[in-house]
file run-v1.pdb (PDB, C-alpha atoms)
ATOM      1  CA  ASP A   1     118.868 -35.690  33.953  1.00  0.00           C
ATOM      2  CA  ALA A   2     118.884 -31.968  34.665  1.00  0.00           C
ATOM      3  CA  GLY A   3     116.614 -30.058  32.365  1.00  0.00           C
ATOM      4  CA  VAL A   4     116.716 -26.387  31.455  1.00  0.00           C
ATOM      5  CA  ILE A   5     117.029 -24.380  34.647  1.00  0.00           C
ATOM      6  CA  GLN A   6     115.634 -20.882  34.929  1.00  0.00           C
ATOM      7  CA  SER A   7     115.911 -18.381  37.741  1.00  0.00           C
ATOM      8  CA  PRO A   8     114.225 -16.754  39.434  1.00  0.00           C
ATOM      9  CA  ARG A   9     110.899 -18.601  39.192  1.00  0.00           C
ATOM     10  CA  HIS A  10     109.019 -15.469  40.182  1.00  0.00           C
ATOM     11  CA  GLU A  11     110.018 -11.814  40.042  1.00  0.00           C
ATOM     12  CA  VAL A  12     108.008  -8.824  41.177  1.00  0.00           C
ATOM     13  CA  THR A  13     109.512  -5.388  40.725  1.00  0.00           C
ATOM     14  CA  GLU A  14     108.544  -1.795  40.171  1.00  0.00           C
ATOM     15  CA  MET A  15     108.377  -0.050  36.843  1.00  0.00           C
ATOM     16  CA  GLY A  16     111.706   1.420  35.786  1.00  0.00           C
ATOM     17  CA  GLN A  17     113.841  -1.184  37.523  1.00  0.00           C
ATOM     18  CA  GLU A  18     116.284  -3.425  35.718  1.00  0.00           C
ATOM     19  CA  VAL A  19     115.283  -7.074  35.501  1.00  0.00           C
ATOM     20  CA  THR A  20     117.649  -9.938  34.726  1.00  0.00           C
ATOM     21  CA  LEU A  21     116.381 -13.420  33.931  1.00  0.00           C
ATOM     22  CA  ARG A  22     118.776 -16.351  33.882  1.00  0.00           C
ATOM     23  CA  CYS A  23     118.911 -19.637  32.055  1.00  0.00           C
ATOM     24  CA  LYS A  24     121.127 -22.701  32.200  1.00  0.00           C
ATOM     25  CA  PRO A  25     120.576 -24.917  29.144  1.00  0.00           C
ATOM     26  CA  ILE A  26     120.866 -28.678  29.077  1.00  0.00           C
ATOM     27  CA  SER A  27     124.528 -29.674  29.010  1.00  0.00           C
ATOM     28  CA  GLY A  28     125.725 -30.366  25.485  1.00  0.00           C
ATOM     29  CA  HIS A  29     122.949 -28.439  23.785  1.00  0.00           C
ATOM     30  CA  ASN A  30     124.180 -25.956  21.202  1.00  0.00           C
ATOM     31  CA  SER A  31     121.057 -23.851  20.695  1.00  0.00           C
ATOM     32  CA  LEU A  32     119.222 -21.681  23.190  1.00  0.00           C
ATOM     33  CA  PHE A  33     115.895 -19.901  22.774  1.00  0.00           C
ATOM     34  CA  TRP A  34     114.090 -17.225  24.782  1.00  0.00           C
ATOM     35  CA  TYR A  35     110.267 -17.017  24.605  1.00  0.00           C
ATOM     36  CA  ARG A  36     107.627 -14.831  26.209  1.00  0.00           C
ATOM     37  CA  GLN A  37     104.077 -15.975  26.977  1.00  0.00           C
ATOM     38  CA  THR A  38     101.092 -13.729  27.624  1.00  0.00           C
ATOM     39  CA  MET A  39      97.360 -14.316  27.536  1.00  0.00           C
ATOM     40  CA  MET A  40      96.953 -11.834  24.699  1.00  0.00           C
ATOM     41  CA  ARG A  41      99.785 -12.940  22.396  1.00  0.00           C
ATOM     42  CA  GLY A  42     100.451 -16.528  23.418  1.00  0.00           C
ATOM     43  CA  LEU A  43     103.994 -17.894  23.190  1.00  0.00           C
ATOM     44  CA  GLU A  44     106.402 -15.743  21.151  1.00  0.00           C
ATOM     45  CA  LEU A  45     110.032 -16.359  20.227  1.00  0.00           C
ATOM     46  CA  LEU A  46     112.206 -13.433  21.290  1.00  0.00           C
ATOM     47  CA  ILE A  47     115.721 -14.514  20.304  1.00  0.00           C
ATOM     48  CA  TYR A  48     117.807 -17.604  19.745  1.00  0.00           C
ATOM     49  CA  PHE A  49     121.498 -18.463  19.903  1.00  0.00           C
ATOM     50  CA  ASN A  50     123.597 -21.077  18.134  1.00  0.00           C
ATOM     51  CA  ASN A  51     126.946 -21.877  19.759  1.00  0.00           C
ATOM     52  CA  ASN A  52     126.577 -18.774  21.949  1.00  0.00           C
ATOM     53  CA  VAL A  53     126.065 -16.468  18.938  1.00  0.00           C
ATOM     54  CA  PRO A  54     122.729 -14.639  18.493  1.00  0.00           C
ATOM     55  CA  ILE A  55     121.172 -15.788  15.232  1.00  0.00           C
ATOM     56  CA  ASP A  56     117.735 -14.195  15.154  1.00  0.00           C
ATOM     57  CA  ASP A  57     116.625 -11.401  17.481  1.00  0.00           C
ATOM     58  CA  SER A  58     113.743 -10.177  15.343  1.00  0.00           C
ATOM     59  CA  GLY A  59     111.295 -11.069  18.097  1.00  0.00           C
ATOM     60  CA  MET A  60     112.893  -8.803  20.689  1.00  0.00           C
ATOM     61  CA  PRO A  61     110.205  -6.173  21.280  1.00  0.00           C
ATOM     62  CA  GLU A  62     112.404  -3.107  21.632  1.00  0.00           C
ATOM     63  CA  ASP A  63     115.773  -1.768  22.715  1.00  0.00           C
ATOM     64  CA  ARG A  64     114.882  -2.164  26.362  1.00  0.00           C
ATOM     65  CA  PHE A  65     115.373  -5.894  25.908  1.00  0.00           C
ATOM     66  CA  SER A  66     118.808  -7.465  25.538  1.00  0.00           C
ATOM     67  CA  ALA A  67     120.078 -11.035  25.713  1.00  0.00           C
ATOM     68  CA  LYS A  68     123.540 -12.469  26.131  1.00  0.00           C
ATOM     69  CA  MET A  69     125.116 -15.878  26.139  1.00  0.00           C
ATOM     70  CA  PRO A  70     128.669 -15.523  27.494  1.00  0.00           C
ATOM     71  CA  ASN A  71     129.276 -19.281  27.473  1.00  0.00           C
ATOM     72  CA  ALA A  72     127.594 -22.548  26.570  1.00  0.00           C
ATOM     73  CA  SER A  73     126.056 -23.017  29.997  1.00  0.00           C
ATOM     74  CA  PHE A  74     124.532 -19.634  30.761  1.00  0.00           C
ATOM     75  CA  SER A  75     122.316 -16.991  29.203  1.00  0.00           C
ATOM     76  CA  THR A  76     120.622 -13.845  30.454  1.00  0.00           C
ATOM     77  CA  LEU A  77     117.649 -11.817  29.283  1.00  0.00           C
ATOM     78  CA  LYS A  78     117.690  -8.262  30.583  1.00  0.00           C
ATOM     79  CA  ILE A  79     114.961  -5.628  30.557  1.00  0.00           C
ATOM     80  CA  GLN A  80     116.020  -2.074  31.327  1.00  0.00           C
ATOM     81  CA  PRO A  81     113.976  -0.102  32.161  1.00  0.00           C
ATOM     82  CA  SER A  82     111.065  -2.425  32.836  1.00  0.00           C
ATOM     83  CA  GLU A  83     107.445  -1.478  32.136  1.00  0.00           C
ATOM     84  CA  PRO A  84     104.125  -2.992  33.296  1.00  0.00           C
ATOM     85  CA  ARG A  85     103.457  -4.322  29.785  1.00  0.00           C
ATOM     86  CA  ASP A  86     106.541  -6.530  30.131  1.00  0.00           C
ATOM     87  CA  SER A  87     104.668  -8.640  32.675  1.00  0.00           C
ATOM     88  CA  ALA A  88     104.583 -12.178  31.326  1.00  0.00           C
ATOM     89  CA  VAL A  89     106.045 -15.641  31.753  1.00  0.00           C
ATOM     90  CA  TYR A  90     109.470 -15.882  30.132  1.00  0.00           C
ATOM     91  CA  PHE A  91     110.662 -19.297  28.995  1.00  0.00           C
ATOM     92  CA  CYS A  92     114.095 -20.486  28.030  1.00  0.00           C
ATOM     93  CA  ALA A  93     114.529 -23.574  25.850  1.00  0.00           C
ATOM     94  CA  SER A  94     117.521 -25.450  24.510  1.00  0.00           C
ATOM     95  CA  SER A  95     118.120 -28.032  21.803  1.00  0.00           C
ATOM     96  CA  LEU A  96     120.988 -30.148  20.625  1.00  0.00           C
ATOM     97  CA  PHE A  97     121.070 -28.285  17.336  1.00  0.00           C
ATOM     98  CA  ASP A  98     118.808 -25.509  16.126  1.00  0.00           C
ATOM     99  CA  ASN A  99     116.600 -27.827  14.084  1.00  0.00           C
ATOM    100  CA  GLN A 100     116.110 -30.393  16.847  1.00  0.00           C
ATOM    101  CA  PRO A 101     113.264 -30.552  19.405  1.00  0.00           C
ATOM    102  CA  GLN A 102     113.435 -27.818  22.001  1.00  0.00           C
ATOM    103  CA  HIS A 103     113.275 -28.560  25.714  1.00  0.00           C
ATOM    104  CA  PHE A 104     111.767 -25.840  27.873  1.00  0.00           C
ATOM    105  CA  GLY A 105     112.432 -24.694  31.403  1.00  0.00           C
ATOM    106  CA  ASP A 106     109.592 -23.970  33.813  1.00  0.00           C
ATOM    107  CA  GLY A 107     109.768 -20.249  33.152  1.00  0.00           C
ATOM    108  CA  THR A 108     110.086 -17.027  35.117  1.00  0.00           C
ATOM    109  CA  ARG A 109     106.824 -15.339  36.017  1.00  0.00           C
ATOM    110  CA  LEU A 110     107.566 -11.601  35.836  1.00  0.00           C
ATOM    111  CA  SER A 111     105.287  -8.934  37.273  1.00  0.00           C
ATOM    112  CA  ILE A 112     106.112  -5.268  36.781  1.00  0.00           C
ATOM    113  CA  LEU A 113     104.095  -2.997  39.048  1.00  0.00           C
TER     114      LEU A 113
ATOM    115  CA  ASP B   1     100.092 -15.911  12.362  1.00  0.00           C
ATOM    116  CA  ALA B   2     100.206 -19.570  13.270  1.00  0.00           C
ATOM    117  CA  LYS B   3     100.079 -21.825  10.226  1.00  0.00           C
ATOM    118  CA  THR B   4      97.878 -24.398  11.965  1.00  0.00           C
ATOM    119  CA  THR B   5      94.235 -24.720  12.956  1.00  0.00           C
ATOM    120  CA  GLN B   6      93.174 -26.743  15.971  1.00  0.00           C
ATOM    121  CA  PRO B   7      89.904 -27.154  17.871  1.00  0.00           C
ATOM    122  CA  THR B   8      89.735 -24.940  20.918  1.00  0.00           C
ATOM    123  CA  SER B   9      88.911 -27.724  23.336  1.00  0.00           C
ATOM    124  CA  MET B  10      88.267 -31.465  23.548  1.00  0.00           C
ATOM    125  CA  ASP B  11      87.263 -33.954  26.195  1.00  0.00           C
ATOM    126  CA  CYS B  12      88.402 -37.547  26.512  1.00  0.00           C
ATOM    127  CA  ALA B  13      87.499 -40.347  28.912  1.00  0.00           C
ATOM    128  CA  GLU B  14      90.318 -41.708  31.039  1.00  0.00           C
ATOM    129  CA  GLY B  15      91.787 -44.868  29.520  1.00  0.00           C
ATOM    130  CA  ARG B  16      90.484 -44.122  26.049  1.00  0.00           C
ATOM    131  CA  ALA B  17      92.507 -42.870  23.105  1.00  0.00           C
ATOM    132  CA  ALA B  18      92.672 -39.119  22.637  1.00  0.00           C
ATOM    133  CA  ASN B  19      92.804 -38.053  18.992  1.00  0.00           C
ATOM    134  CA  LEU B  20      93.789 -34.425  18.503  1.00  0.00           C
ATOM    135  CA  PRO B  21      93.427 -33.076  14.958  1.00  0.00           C
ATOM    136  CA  CYS B  22      95.407 -30.304  13.312  1.00  0.00           C
ATOM    137  CA  ASN B  23      95.041 -28.644   9.926  1.00  0.00           C
ATOM    138  CA  HIS B  24      98.103 -27.201   8.196  1.00  0.00           C
ATOM    139  CA  SER B  25      96.973 -26.788   4.603  1.00  0.00           C
ATOM    140  CA  THR B  26      99.746 -24.317   3.664  1.00  0.00           C
ATOM    141  CA  ILE B  27     102.639 -26.463   4.882  1.00  0.00           C
ATOM    142  CA  SER B  28     105.734 -26.467   2.681  1.00  0.00           C
ATOM    143  CA  GLY B  29     107.676 -29.541   1.665  1.00  0.00           C
ATOM    144  CA  ASN B  30     110.557 -28.952   4.069  1.00  0.00           C
ATOM    145  CA  GLU B  31     108.518 -27.974   7.111  1.00  0.00           C
ATOM    146  CA  TYR B  32     108.087 -30.378   9.999  1.00  0.00           C
ATOM    147  CA  VAL B  33     104.977 -30.864  12.122  1.00  0.00           C
ATOM    148  CA  TYR B  34     105.743 -30.628  15.829  1.00  0.00           C
ATOM    149  CA  TRP B  35     103.527 -31.301  18.828  1.00  0.00           C
ATOM    150  CA  TYR B  36     104.067 -29.866  22.289  1.00  0.00           C
ATOM    151  CA  ARG B  37     101.857 -29.740  25.339  1.00  0.00           C
ATOM    152  CA  GLN B  38     101.721 -27.374  28.266  1.00  0.00           C
ATOM    153  CA  ILE B  39     100.415 -28.303  31.654  1.00  0.00           C
ATOM    154  CA  HIS B  40      99.341 -25.357  33.771  1.00  0.00           C
ATOM    155  CA  SER B  41     102.261 -23.291  35.094  1.00  0.00           C
ATOM    156  CA  GLN B  42     104.885 -25.479  33.442  1.00  0.00           C
ATOM    157  CA  GLY B  43     106.970 -24.997  30.325  1.00  0.00           C
ATOM    158  CA  PRO B  44     105.900 -26.582  27.047  1.00  0.00           C
ATOM    159  CA  GLN B  45     106.849 -30.249  26.792  1.00  0.00           C
ATOM    160  CA  TYR B  46     107.993 -31.789  23.508  1.00  0.00           C
ATOM    161  CA  ILE B  47     105.869 -34.749  22.424  1.00  0.00           C
ATOM    162  CA  ILE B  48     106.700 -35.803  18.878  1.00  0.00           C
ATOM    163  CA  HIS B  49     107.462 -34.513  15.405  1.00  0.00           C
ATOM    164  CA  GLY B  50     107.381 -35.737  11.818  1.00  0.00           C
ATOM    165  CA  LEU B  51     107.844 -34.749   8.192  1.00  0.00           C
ATOM    166  CA  LYS B  52     105.978 -37.224   6.007  1.00  0.00           C
ATOM    167  CA  ASN B  53     105.813 -40.596   7.680  1.00  0.00           C
ATOM    168  CA  ASN B  54     103.802 -41.567  10.697  1.00  0.00           C
ATOM    169  CA  GLU B  55     105.817 -41.509  13.899  1.00  0.00           C
ATOM    170  CA  THR B  56     105.463 -43.220  17.270  1.00  0.00           C
ATOM    171  CA  ASN B  57     107.309 -42.839  20.538  1.00  0.00           C
ATOM    172  CA  GLU B  58     106.675 -43.671  24.167  1.00  0.00           C
ATOM    173  CA  MET B  59     104.291 -40.762  24.571  1.00  0.00           C
ATOM    174  CA  ALA B  60     102.181 -40.681  21.427  1.00  0.00           C
ATOM    175  CA  SER B  61     101.682 -41.422  17.748  1.00  0.00           C
ATOM    176  CA  LEU B  62     101.602 -38.873  14.962  1.00  0.00           C
ATOM    177  CA  ILE B  63      99.589 -39.586  11.838  1.00  0.00           C
ATOM    178  CA  ILE B  64     100.259 -37.266   8.881  1.00  0.00           C
ATOM    179  CA  THR B  65      97.997 -37.417   5.843  1.00  0.00           C
ATOM    180  CA  GLU B  66      99.552 -38.226   2.496  1.00  0.00           C
ATOM    181  CA  ASP B  67      99.065 -34.670   1.228  1.00  0.00           C
ATOM    182  CA  ARG B  68     100.534 -33.385   4.537  1.00  0.00           C
ATOM    183  CA  LYS B  69      97.710 -30.896   4.940  1.00  0.00           C
ATOM    184  CA  SER B  70      96.587 -32.311   8.250  1.00  0.00           C
ATOM    185  CA  SER B  71      97.751 -34.517  11.072  1.00  0.00           C
ATOM    186  CA  THR B  72      96.454 -36.228  14.200  1.00  0.00           C
ATOM    187  CA  LEU B  73      98.173 -36.707  17.518  1.00  0.00           C
ATOM    188  CA  ILE B  74      97.084 -39.871  19.271  1.00  0.00           C
ATOM    189  CA  LEU B  75      97.502 -40.491  22.992  1.00  0.00           C
ATOM    190  CA  PRO B  76      96.669 -44.217  23.112  1.00  0.00           C
ATOM    191  CA  HIS B  77      95.479 -44.462  26.711  1.00  0.00           C
ATOM    192  CA  ALA B  78      94.768 -41.034  28.136  1.00  0.00           C
ATOM    193  CA  THR B  79      95.250 -40.449  31.861  1.00  0.00           C
ATOM    194  CA  LEU B  80      94.200 -37.543  34.055  1.00  0.00           C
ATOM    195  CA  ARG B  81      97.789 -36.270  33.891  1.00  0.00           C
ATOM    196  CA  ASP B  82      97.408 -35.790  30.137  1.00  0.00           C
ATOM    197  CA  THR B  83      95.053 -32.859  30.751  1.00  0.00           C
ATOM    198  CA  ALA B  84      96.887 -29.942  29.125  1.00  0.00           C
ATOM    199  CA  VAL B  85      96.942 -27.538  26.192  1.00  0.00           C
ATOM    200  CA  TYR B  86      98.284 -29.290  23.089  1.00  0.00           C
ATOM    201  CA  TYR B  87     100.042 -27.255  20.424  1.00  0.00           C
ATOM    202  CA  CYS B  88     100.445 -28.319  16.819  1.00  0.00           C
ATOM    203  CA  ILE B  89     103.247 -26.345  15.169  1.00  0.00           C
ATOM    204  CA  VAL B  90     104.617 -26.168  11.662  1.00  0.00           C
ATOM    205  CA  ARG B  91     108.293 -25.511  12.090  1.00  0.00           C
ATOM    206  CA  GLU B  92     109.748 -23.180   9.498  1.00  0.00           C
ATOM    207  CA  PRO B  93     113.268 -23.654   8.091  1.00  0.00           C
ATOM    208  CA  ASN B  94     114.459 -20.583  10.018  1.00  0.00           C
ATOM    209  CA  ASN B  95     113.552 -22.487  13.191  1.00  0.00           C
ATOM    210  CA  ASP B  96     110.746 -20.128  14.075  1.00  0.00           C
ATOM    211  CA  MET B  97     108.140 -22.130  15.995  1.00  0.00           C
ATOM    212  CA  ARG B  98     104.867 -20.214  16.094  1.00  0.00           C
ATOM    213  CA  PHE B  99     102.652 -21.467  18.878  1.00  0.00           C
ATOM    214  CA  GLY B 100      98.967 -20.872  18.257  1.00  0.00           C
ATOM    215  CA  ALA B 101      96.190 -21.133  20.809  1.00  0.00           C
ATOM    216  CA  GLY B 102      96.307 -24.936  20.875  1.00  0.00           C
ATOM    217  CA  THR B 103      93.669 -27.445  21.971  1.00  0.00           C
ATOM    218  CA  ARG B 104      92.737 -27.660  25.616  1.00  0.00           C
ATOM    219  CA  LEU B 105      92.350 -31.387  26.293  1.00  0.00           C
ATOM    220  CA  THR B 106      90.476 -32.400  29.410  1.00  0.00           C
ATOM    221  CA  VAL B 107      90.698 -36.052  30.428  1.00  0.00           C
ATOM    222  CA  LYS B 108      87.742 -37.003  32.575  1.00  0.00           C
ATOM    223  CA  PRO B 109      87.468 -39.917  35.005  1.00  0.00           C
TER     224      PRO B 109
END
call {"tool": "encode", "arguments": {"input": "run-v1.pdb", "output": "structure tokens"}}
result
Amino acid sequence: DAGVIQSPRHEVTEMGQEVTLRCKPISGHNSLFWYRQTMMRGLELLIYFNNNVPIDDSGMPEDRFSAKMPNASFSTLKIQPSEPRDSAVYFCASSLFDNQPQHFGDGTRLSIL
Amino acid sequence: DAKTTQPTSMDCAEGRAANLPCNHSTISGNEYVYWYRQIHSQGPQYIIHGLKNNETNEMASLIITEDRKSSTLILPHATLRDTAVYYCIVREPNNDMRFGAGTRLTVKP
């Protein structure tokens, strides 16, 4: 079975550039979650969607971050403009419903120079 | 802040049971206990979850105390591939899952 698919796996870019991270959830799952993991802060929930609608974006650090889910099989997390402190591993997870176990992708390792 | 307390690290001999404790003394009646693990450079992997009763699946067993203030994850026959960071999480009704620092389990041959 295909799990959660994230792309790219690694991204290195210069400060000020726009970064777009992509996620394909498990087919049939109705909830999608974006997380960020750093050594300092651990794993943090940024935003989650139910049926393509954003439900809770209180974890989004600032206006430079935005997330969309145009359909049930695709979501993006965009950072514009990017800053060095955005360097982290970004994970996408999906679940059948929002109170069910979440299944994570292998993440995007983002480095902002 | 994470609502759980776990030991920073543990060792276990290969083939033996690994018992990972977790304290969650402030858990509310409608909050579930979830366990995930993360192997280096991979995404967190769901293991098991429970509310009140003990649970078992193909990966592990979860023992929750009667007062629900603590729980133990049991890997019955640990292998080298079980070396990972194990996270105990109290899942809030708003679906927020706060991952703490977890327990780094090292399975030794």
call {"tool": "closest_atom_pairs", "arguments": {"input": "run-v1.pdb", "of": "chain B", "to": "chain A", "cutoff": "8 Å", "atoms": "only C-alpha atoms", "output": "JSON lines"}}
result
{"residue": "B:Ser41", "atom": "CA", "partner": "A:Asp106", "partner_atom": "CA", "distance": 7.5}
{"residue": "B:Gln42", "atom": "CA", "partner": "A:Asp106", "partner_atom": "CA", "distance": 5.0}
{"residue": "B:Gly43", "atom": "CA", "partner": "A:Asp106", "partner_atom": "CA", "distance": 4.5}
{"residue": "B:Pro44", "atom": "CA", "partner": "A:Phe104", "partner_atom": "CA", "distance": 6.0}
{"residue": "B:Gln45", "atom": "CA", "partner": "A:Phe104", "partner_atom": "CA", "distance": 6.7}
{"residue": "B:Tyr46", "atom": "CA", "partner": "A:His103", "partner_atom": "CA", "distance": 6.6}
{"residue": "B:Asn95", "atom": "CA", "partner": "A:Asn99", "partner_atom": "CA", "distance": 6.2}
{"residue": "B:Asp96", "atom": "CA", "partner": "A:Leu45", "partner_atom": "CA", "distance": 7.2}
{"residue": "B:Met97", "atom": "CA", "partner": "A:Leu45", "partner_atom": "CA", "distance": 7.4}
{"residue": "B:Arg98", "atom": "CA", "partner": "A:Glu44", "partner_atom": "CA", "distance": 6.9}
{"residue": "B:Phe99", "atom": "CA", "partner": "A:Leu43", "partner_atom": "CA", "distance": 5.8}
{"residue": "B:Gly100", "atom": "CA", "partner": "A:Gly42", "partner_atom": "CA", "distance": 6.9}
{"residue": "B:Ala101", "atom": "CA", "partner": "A:Gly42", "partner_atom": "CA", "distance": 6.8}
call {"tool": "resolve_selection", "arguments": {"input": "run-v1.pdb", "expression": "the PyMOL selection byres ((chain A and resi 10-26) around 9)", "output": "PyMOL selection string"}}
result
chain A and resi 1-9+27-32+72-84+89-96+103-105+107-113
call {"tool": "write_last_selection", "arguments": {"input": "run-v1.pdb", "atoms": "C-alpha atoms", "output": "mmCIF file, in the coordinates of the input"}}
result
data_model
loop_
_atom_site.group_PDB
_atom_site.id
_atom_site.type_symbol
_atom_site.label_atom_id
_atom_site.label_comp_id
_atom_site.auth_asym_id
_atom_site.auth_seq_id
_atom_site.Cartn_x
_atom_site.Cartn_y
_atom_site.Cartn_z
ATOM 1 C CA ASP A 1 118.868 -35.690 33.953
ATOM 2 C CA ALA A 2 118.884 -31.968 34.665
ATOM 3 C CA GLY A 3 116.614 -30.058 32.365
ATOM 4 C CA VAL A 4 116.716 -26.387 31.455
ATOM 5 C CA ILE A 5 117.029 -24.380 34.647
ATOM 6 C CA GLN A 6 115.634 -20.882 34.929
ATOM 7 C CA SER A 7 115.911 -18.381 37.741
ATOM 8 C CA PRO A 8 114.225 -16.754 39.434
ATOM 9 C CA ARG A 9 110.899 -18.601 39.192
ATOM 10 C CA SER A 27 124.528 -29.674 29.010
ATOM 11 C CA GLY A 28 125.725 -30.366 25.485
ATOM 12 C CA HIS A 29 122.949 -28.439 23.785
ATOM 13 C CA ASN A 30 124.180 -25.956 21.202
ATOM 14 C CA SER A 31 121.057 -23.851 20.695
ATOM 15 C CA LEU A 32 119.222 -21.681 23.190
ATOM 16 C CA ALA A 72 127.594 -22.548 26.570
ATOM 17 C CA SER A 73 126.056 -23.017 29.997
ATOM 18 C CA PHE A 74 124.532 -19.634 30.761
ATOM 19 C CA SER A 75 122.316 -16.991 29.203
ATOM 20 C CA THR A 76 120.622 -13.845 30.454
ATOM 21 C CA LEU A 77 117.649 -11.817 29.283
ATOM 22 C CA LYS A 78 117.690 -8.262 30.583
ATOM 23 C CA ILE A 79 114.961 -5.628 30.557
ATOM 24 C CA GLN A 80 116.020 -2.074 31.327
ATOM 25 C CA PRO A 81 113.976 -0.102 32.161
ATOM 26 C CA SER A 82 111.065 -2.425 32.836
ATOM 27 C CA GLU A 83 107.445 -1.478 32.136
ATOM 28 C CA PRO A 84 104.125 -2.992 33.296
ATOM 29 C CA VAL A 89 106.045 -15.641 31.753
ATOM 30 C CA TYR A 90 109.470 -15.882 30.132
ATOM 31 C CA PHE A 91 110.662 -19.297 28.995
ATOM 32 C CA CYS A 92 114.095 -20.486 28.030
ATOM 33 C CA ALA A 93 114.529 -23.574 25.850
ATOM 34 C CA SER A 94 117.521 -25.450 24.510
ATOM 35 C CA SER A 95 118.120 -28.032 21.803
ATOM 36 C CA LEU A 96 120.988 -30.148 20.625
ATOM 37 C CA HIS A 103 113.275 -28.560 25.714
ATOM 38 C CA PHE A 104 111.767 -25.840 27.873
ATOM 39 C CA GLY A 105 112.432 -24.694 31.403
ATOM 40 C CA GLY A 107 109.768 -20.249 33.152
ATOM 41 C CA THR A 108 110.086 -17.027 35.117
ATOM 42 C CA ARG A 109 106.824 -15.339 36.017
ATOM 43 C CA LEU A 110 107.566 -11.601 35.836
ATOM 44 C CA SER A 111 105.287 -8.934 37.273
ATOM 45 C CA ILE A 112 106.112 -5.268 36.781
ATOM 46 C CA LEU A 113 104.095 -2.997 39.048
#
call {"tool": "resolve_selection", "arguments": {"input": "run-v1.pdb", "expression": "the PyMOL selection byres ((chain B and resi 24-32) around 6)", "output": "number ranges by chain"}}
result
B: 4, 23, 33, 50-51, 69-70, 90-92
call {"tool": "closest_atom_pairs", "arguments": {"input": "run-v1.pdb", "of": "segment 21-56 of chain B", "to": "segment 74-83 of chain B", "cutoff": "12 Å", "atoms": "only C-alpha atoms", "output": "tab-separated table"}}
result
residue	atom	partner	partner_atom	distance
B:Pro21	CA	B:Ile74	CA	8.8
B:Cys22	CA	B:Ile74	CA	11.4
B:Trp35	CA	B:Ile74	CA	10.7
B:Tyr36	CA	B:Asp82	CA	11.9
B:Arg37	CA	B:Asp82	CA	8.9
B:Gln38	CA	B:Thr83	CA	9.0
B:Ile39	CA	B:Thr83	CA	7.1
B:His40	CA	B:Thr83	CA	9.2
B:Gln45	CA	B:Asp82	CA	11.4
B:Ile47	CA	B:Leu75	CA	10.2
B:Ile48	CA	B:Ile74	CA	10.4
B:Asn54	CA	B:Ile74	CA	11.0
B:Glu55	CA	B:Ile74	CA	10.4
B:Thr56	CA	B:Ile74	CA	9.2
call {"tool": "atom_distance", "arguments": {"input": "run-v1.pdb", "atom1": "atom CA of Asp86 of chain A", "atom2": "atom CA of Leu105 of chain B"}}
result
28.9 Å
call {"tool": "atom_distance", "arguments": {"input": "run-v1.pdb", "atom1": "atom CA of Thr8 of chain B", "atom2": "atom CA of Val85 of chain B"}}
result
9.3 Å
call {"tool": "atom_distance", "arguments": {"input": "run-v1.pdb", "atom1": "atom CA of Val107 of chain B", "atom2": "atom CA of Ile63 of chain B"}}
result
20.9 Å
call {"tool": "resolve_selection", "arguments": {"input": "run-v1.pdb", "expression": "the PyMOL selection byres ((chain B and resi 11) around 8)", "output": "PyMOL selection string"}}
result
chain B and resi 9-10+12-13+105-108
call {"tool": "write_last_selection", "arguments": {"input": "run-v1.pdb", "atoms": "C-alpha atoms", "output": "PDB file, in the coordinates of the input"}}
result
ATOM      1  CA  SER B   9      88.911 -27.724  23.336  1.00  0.00           C
ATOM      2  CA  MET B  10      88.267 -31.465  23.548  1.00  0.00           C
ATOM      3  CA  CYS B  12      88.402 -37.547  26.512  1.00  0.00           C
ATOM      4  CA  ALA B  13      87.499 -40.347  28.912  1.00  0.00           C
ATOM      5  CA  LEU B 105      92.350 -31.387  26.293  1.00  0.00           C
ATOM      6  CA  THR B 106      90.476 -32.400  29.410  1.00  0.00           C
ATOM      7  CA  VAL B 107      90.698 -36.052  30.428  1.00  0.00           C
ATOM      8  CA  LYS B 108      87.742 -37.003  32.575  1.00  0.00           C
TER       9      LYS B 108
END
call {"tool": "axis_aligned_box", "arguments": {"input": "run-v1.pdb", "around": "segment 1-18 of chain B", "padding_each_side": "5 Å", "output": "lines of an AutoDock Vina configuration file"}}
result
center_x = 93.7
center_y = -30.4
center_z = 20.6
size_x = 22.9
size_y = 39.0
size_z = 30.8
call {"tool": "closest_residue", "arguments": {"input": "run-v1.pdb", "among": "A:Phe97, A:Lys68, A:Ser87, A:Tyr35", "to": "Pro54 of chain A", "atoms": "only C-alpha atoms"}}
result
A:Lys68
